[in-house]
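Engineer: My structure is stored as model.pdb, with PDB, C-alpha atoms and all ligand atoms.
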```
ATOM      1  CA  MET V   1    -109.865  -2.142 -67.975
ATOM      2  CA  GLY V   2    -112.215  -5.012 -67.299
ATOM      3  CA  LYS V   3    -112.675  -6.108 -63.745
ATOM      4  CA  VAL V   4    -111.778  -9.657 -62.783
ATOM      5  CA  VAL V   5    -114.625 -11.331 -60.950
ATOM      6  CA  HIS V   6    -114.136 -14.682 -59.312
ATOM      7  CA  ILE V   7    -116.635 -17.322 -60.248
ATOM      8  CA  LYS V   8    -118.298 -17.457 -56.814
ATOM      9  CA  LYS V   9    -118.828 -13.680 -56.726
ATOM     10  CA  PHE V  10    -120.044 -13.589 -60.342
ATOM     11  CA  GLY V  11    -123.272 -15.284 -59.347
ATOM     12  CA  HIS V  12    -123.893 -12.796 -56.521
ATOM     13  CA  ILE V  13    -123.593  -9.884 -58.935
ATOM     14  CA  THR V  14    -125.485 -11.225 -61.943
ATOM     15  CA  GLY V  15    -127.791 -13.812 -60.381
ATOM     16  CA  GLU V  16    -126.589 -16.422 -62.874
ATOM     17  CA  THR V  17    -123.410 -18.390 -63.519
ATOM     18  CA  PRO V  18    -121.094 -17.506 -66.439
ATOM     19  CA  THR V  19    -122.352 -20.659 -68.178
ATOM     20  CA  GLU V  20    -125.972 -19.576 -67.764
ATOM     21  CA  MET V  21    -125.176 -16.070 -68.983
ATOM     22  CA  HIS V  22    -123.330 -17.452 -72.021
ATOM     23  CA  ARG V  23    -126.280 -19.720 -72.834
ATOM     24  CA  ARG V  24    -128.746 -16.838 -72.521
ATOM     25  CA  THR V  25    -126.730 -14.226 -74.478
ATOM     26  CA  ALA V  26    -124.489 -16.012 -77.012
ATOM     27  CA  TRP V  27    -126.741 -19.009 -77.617
ATOM     28  CA  LYS V  28    -130.051 -17.156 -77.129
ATOM     29  CA  GLY V  29    -131.309 -19.633 -74.532
ATOM     30  CA  ALA V  30    -130.638 -22.699 -76.684
ATOM     31  CA  ARG V  31    -131.780 -26.089 -75.496
ATOM     32  CA  CYS V  32    -130.506 -29.607 -76.142
ATOM     33  CA  SER V  33    -131.500 -30.878 -79.597
ATOM     34  CA  ASN V  34    -132.188 -34.294 -78.090
ATOM     35  CA  CYS V  35    -133.983 -33.776 -74.762
ATOM     36  CA  THR V  36    -134.612 -29.952 -74.530
ATOM     37  CA  SER V  37    -132.575 -29.531 -71.302
ATOM     38  CA  PRO V  38    -130.464 -26.334 -71.169
ATOM     39  CA  ALA V  39    -127.579 -26.549 -73.659
ATOM     40  CA  ALA V  40    -124.029 -27.172 -72.408
ATOM     41  CA  ILE V  41    -122.223 -27.255 -75.766
ATOM     42  CA  ARG V  42    -122.797 -26.114 -79.340
ATOM     43  CA  ILE V  43    -121.543 -28.167 -82.269
ATOM     44  CA  LEU V  44    -121.156 -26.458 -85.636
ATOM     45  CA  THR V  45    -120.460 -28.473 -88.770
ATOM     46  CA  PHE V  46    -118.927 -26.681 -91.738
ATOM     47  CA  VAL V  47    -118.614 -28.100 -95.248
ATOM     48  CA  PRO V  48    -116.491 -26.606 -98.043
ATOM     49  CA  VAL V  49    -118.637 -24.913-100.725
ATOM     50  CA  GLU V  50    -116.735 -26.880-103.396
ATOM     51  CA  GLU V  51    -117.664 -30.229-101.773
ATOM     52  CA  LEU V  52    -121.317 -29.240-101.544
ATOM     53  CA  LYS V  53    -121.354 -28.286-105.252
ATOM     54  CA  VAL V  54    -119.984 -31.708-106.207
ATOM     55  CA  ARG V  55    -121.762 -33.941-103.683
ATOM     56  CA  ALA V  56    -125.146 -32.234-103.484
ATOM     57  CA  PRO V  57    -125.580 -30.020-106.556
ATOM     58  CA  ASN V  58    -129.356 -29.765-106.013
ATOM     59  CA  VAL V  59    -128.922 -28.562-102.430
ATOM     60  CA  TYR V  60    -126.280 -26.090-103.582
ATOM     61  CA  ALA V  61    -128.489 -24.800-106.424
ATOM     62  CA  GLY V  62    -131.441 -24.460-104.014
ATOM     63  CA  LEU V  63    -129.322 -22.480-101.563
ATOM     64  CA  VAL V  64    -128.061 -20.145-104.266
ATOM     65  CA  THR V  65    -131.632 -19.570-105.486
ATOM     66  CA  ASP V  66    -132.981 -18.956-101.950
ATOM     67  CA  CYS V  67    -130.218 -16.490-101.164
ATOM     68  CA  ALA V  68    -130.617 -14.724-104.534
ATOM     69  CA  GLU V  69    -134.368 -14.325-103.897
ATOM     70  CA  ARG V  70    -133.527 -12.564-100.637
ATOM     71  CA  GLY V  71    -130.953 -10.468-102.469
ATOM     72  CA  GLU V  72    -128.123 -12.064-100.546
ATOM     73  CA  GLY V  73    -124.999 -13.988-101.385
ATOM     74  CA  LEU V  74    -124.267 -17.403 -99.909
ATOM     75  CA  PRO V  75    -123.539 -17.102 -96.165
ATOM     76  CA  VAL V  76    -119.994 -18.415 -96.488
ATOM     77  CA  THR V  77    -117.430 -18.450 -93.707
ATOM     78  CA  ARG V  78    -113.667 -18.531 -94.053
ATOM     79  CA  LEU V  79    -112.514 -20.454 -91.032
ATOM     80  CA  LYS V  80    -109.807 -18.618 -89.154
ATOM     81  CA  SER V  81    -108.362 -21.804 -87.734
ATOM     82  CA  SER V  82    -107.552 -23.021 -91.242
ATOM     83  CA  LYS V  83    -103.824 -23.550 -91.711
ATOM     84  CA  VAL V  84    -103.793 -22.538 -95.385
ATOM     85  CA  SER V  85    -103.095 -18.920 -96.267
ATOM     86  CA  ASP V  86    -106.172 -18.511 -98.477
ATOM     87  CA  PRO V  87    -108.856 -20.496 -96.669
ATOM     88  CA  LYS V  88    -111.630 -22.070 -98.729
ATOM     89  CA  PRO V  89    -115.166 -20.779 -98.273
ATOM     90  CA  TYR V  90    -117.281 -22.986 -96.020
ATOM     91  CA  LEU V  91    -120.992 -23.172 -95.312
ATOM     92  CA  CYS V  92    -122.348 -23.965 -91.874
ATOM     93  CA  ALA V  93    -124.313 -27.148 -92.569
ATOM     94  CA  ALA V  94    -125.563 -27.890 -89.072
ATOM     95  CA  THR V  95    -125.832 -26.343 -85.630
ATOM     96  CA  VAL V  96    -126.571 -28.752 -82.804
ATOM     97  CA  TYR V  97    -126.894 -27.991 -79.111
ATOM     98  CA  ALA V  98    -126.478 -30.663 -76.454
ATOM     99  CA  CYS V  99    -127.019 -30.660 -72.695
ATOM    100  CA  SER V 100    -124.474 -32.087 -70.255
ATOM    101  CA  HIS V 101    -126.190 -35.503 -70.371
ATOM    102  CA  CYS V 102    -126.379 -35.796 -74.166
ATOM    103  CA  GLN V 103    -122.998 -34.107 -74.746
ATOM    104  CA  ALA V 104    -120.908 -37.289 -75.040
ATOM    105  CA  ALA V 105    -123.291 -38.886 -77.550
ATOM    106  CA  ALA V 106    -123.477 -35.660 -79.580
ATOM    107  CA  GLU V 107    -119.680 -35.339 -79.697
ATOM    108  CA  LYS V 108    -119.390 -38.980 -80.747
ATOM    109  CA  ALA V 109    -121.915 -38.421 -83.544
ATOM    110  CA  ALA V 110    -120.069 -35.279 -84.676
ATOM    111  CA  ALA V 111    -116.829 -37.258 -84.870
ATOM    112  CA  HIS V 112    -118.493 -39.413 -87.527
ATOM    113  CA  SER V 113    -118.976 -36.432 -89.851
ATOM    114  CA  PRO V 114    -117.508 -36.868 -93.349
ATOM    115  CA  SER V 115    -113.765 -36.228 -93.563
ATOM    116  CA  PHE V 116    -114.197 -33.023 -95.596
ATOM    117  CA  ALA V 117    -116.377 -31.466 -92.900
ATOM    118  CA  ILE V 118    -114.947 -29.329 -90.119
ATOM    119  CA  VAL V 119    -116.581 -29.680 -86.732
ATOM    120  CA  GLU V 120    -116.285 -26.923 -84.172
ATOM    121  CA  ILE V 121    -117.349 -27.525 -80.583
ATOM    122  CA  ASP V 122    -118.140 -24.494 -78.460
ATOM    123  CA  ARG V 123    -118.063 -25.413 -74.778
ATOM    124  CA  GLY V 124    -118.823 -21.919 -73.511
ATOM    125  CA  PRO V 125    -116.859 -20.346 -70.685
ATOM    126  CA  ASP V 126    -114.495 -22.535 -68.689
ATOM    127  CA  PRO V 127    -116.288 -23.075 -65.341
ATOM    128  CA  THR V 128    -112.955 -23.214 -63.498
ATOM    129  CA  SER V 129    -111.472 -19.965 -64.760
ATOM    130  CA  ARG V 130    -112.026 -16.357 -63.776
ATOM    131  CA  VAL V 131    -114.410 -14.135 -65.667
ATOM    132  CA  VAL V 132    -113.735 -10.571 -66.756
ATOM    133  CA  VAL V 133    -116.690  -8.206 -66.854
ATOM    134  CA  GLY V 134    -117.037  -4.634 -68.081
ATOM    135  CA  ALA V 135    -115.365  -2.736 -70.906
ATOM    136  CA  THR V 136    -111.684  -3.345 -71.566
TER     137      THR V 136
HETATM  138 ZN    ZN C 201    -129.967 -33.527 -73.759
END
```
Translate this file's structure into structure tokens.
Ligand SMILES: [Zn+2]

Structural biologist:
Amino acid sequence: MGKVVHIKKFGHITGETPTEMHRRTAWKGARCSNCTSPAAIRILTFVPVEELKVRAPNVYAGLVTDCAERGEGLPVTRLKSSKVSDPKPYLCAATVYACSHCQAAAEKAAAHSPSFAIVEIDRGPDPTSRVVVGAT
């Protein structure tokens, strides 16, 4: 069982907050794309492979060639949150990190993505909730 550690004690044990640990481990120390402050959120934009083929055939062809040269297939993702039973393959078109100051502007910009794109915002651990550490 994992051990529940309250947020205030977490810092005493690890020397960093859950947010800082998440940034260091999951996001590999990512910084804001705009001002290089430590990242607070990560925004991923996914586009369906079919849309890319139609709207940007040259980009799609280039990707296929690049991946083939490395002996790999396209790095497609089937989004689990999709409501359809057989989700379409998607490609991650953009990964943007934003700090707490640039967050609102970055989220606003992401909301203007084309309608076929799916935007996922990763806010990291909830700073108000408890954190479980150790193996479960
Ligand atoms: Zn920033």

Engineer: Grab the atom CA of V:Arg123 to atom CA of V:Val4 distance for me, in Å with one decimal place.

Structural biologist: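 We find that atom CA of V:Arg123 and atom CA of V:Val4 lie 20.8 Å from each other.
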
Engineer: Pick from V:Phe116, V:Ala40, V:Thr25, V:Pro48: nearest to ligand ZN 201 (chain C), with only C-alpha atoms and all ligand atoms counted?

Structural biologist: V:Ala40

Engineer: Which of these, V:Leu63, V:Ala106, V:Val119, V:Leu44, has the shortest distance to ligand ZN 201 (chain C) once you count only C-alpha atoms and all ligand atoms?

Structural biologist: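 Nearest to ligand ZN 201 (chain C): V:Ala106.
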
Engineer: Hey, which of V:Pro38, V:Gly15, V:Pro114, V:Pro75 ends up closest to ligand ZN 201 (chain C)? Count all atoms listed in the file.

Structural biologist: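 The closest residue to ligand ZN 201 (chain C) is V:Pro38.
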
Engineer: So how far away is atom CA of V:Lys28 from atom CA of V:Pro89, in Å?

Structural biologist: 26.1 Å

Engineer: Would you list the contacts of stretch 96-103 of chain V as a ChimeraX atom specification, taking every protein, DNA or RNA residue within 12 Å and counting only C-alpha atoms, but skipping same-chain residues closer than 5 positions in sequence?

Structural biologist: /V:19,23,27-46,108-110,119-124

Engineer: Of the residues V:Ala117, V:Tyr90, V:Tyr60, V:Ala104, which is the one nearest to ligand ZN 201 (chain C), using all atoms listed in the file?

Structural biologist: V:Ala104

Engineer: May I ask for the distance between atom CA of V:Glu51 and atom CA of V:Ala68, given in Å to one decimal place?

Structural biologist: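 About the pair atom CA of V:Glu51 and atom CA of V:Ala68: they are 20.4 Å apart.
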
Engineer: Determine, counting all atoms listed in the file, which protein, DNA and RNA residues have an atom within 8 Å of an atom of V:Val49; residues of the same chain fewer than 3 positions away are not included. Present the result as number ranges by chain.

Structural biologist: V: 52-53, 76, 88-91

Engineer: Pick out the closest residue to V:Thr77 from this set: V:Ala26, V:Val54, V:Cys92, V:Val64. Count only C-alpha atoms.

Structural biologist: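 Of all the options, V:Cys92 lies closest to V:Thr77.
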
Engineer: Restricting the calculation to all atoms listed in the file, which member of V:Ala105, V:Lys3, V:Asp66, V:Pro18 is positioned closest to ligand ZN 201 (chain C)?

Structural biologist: V:Ala105
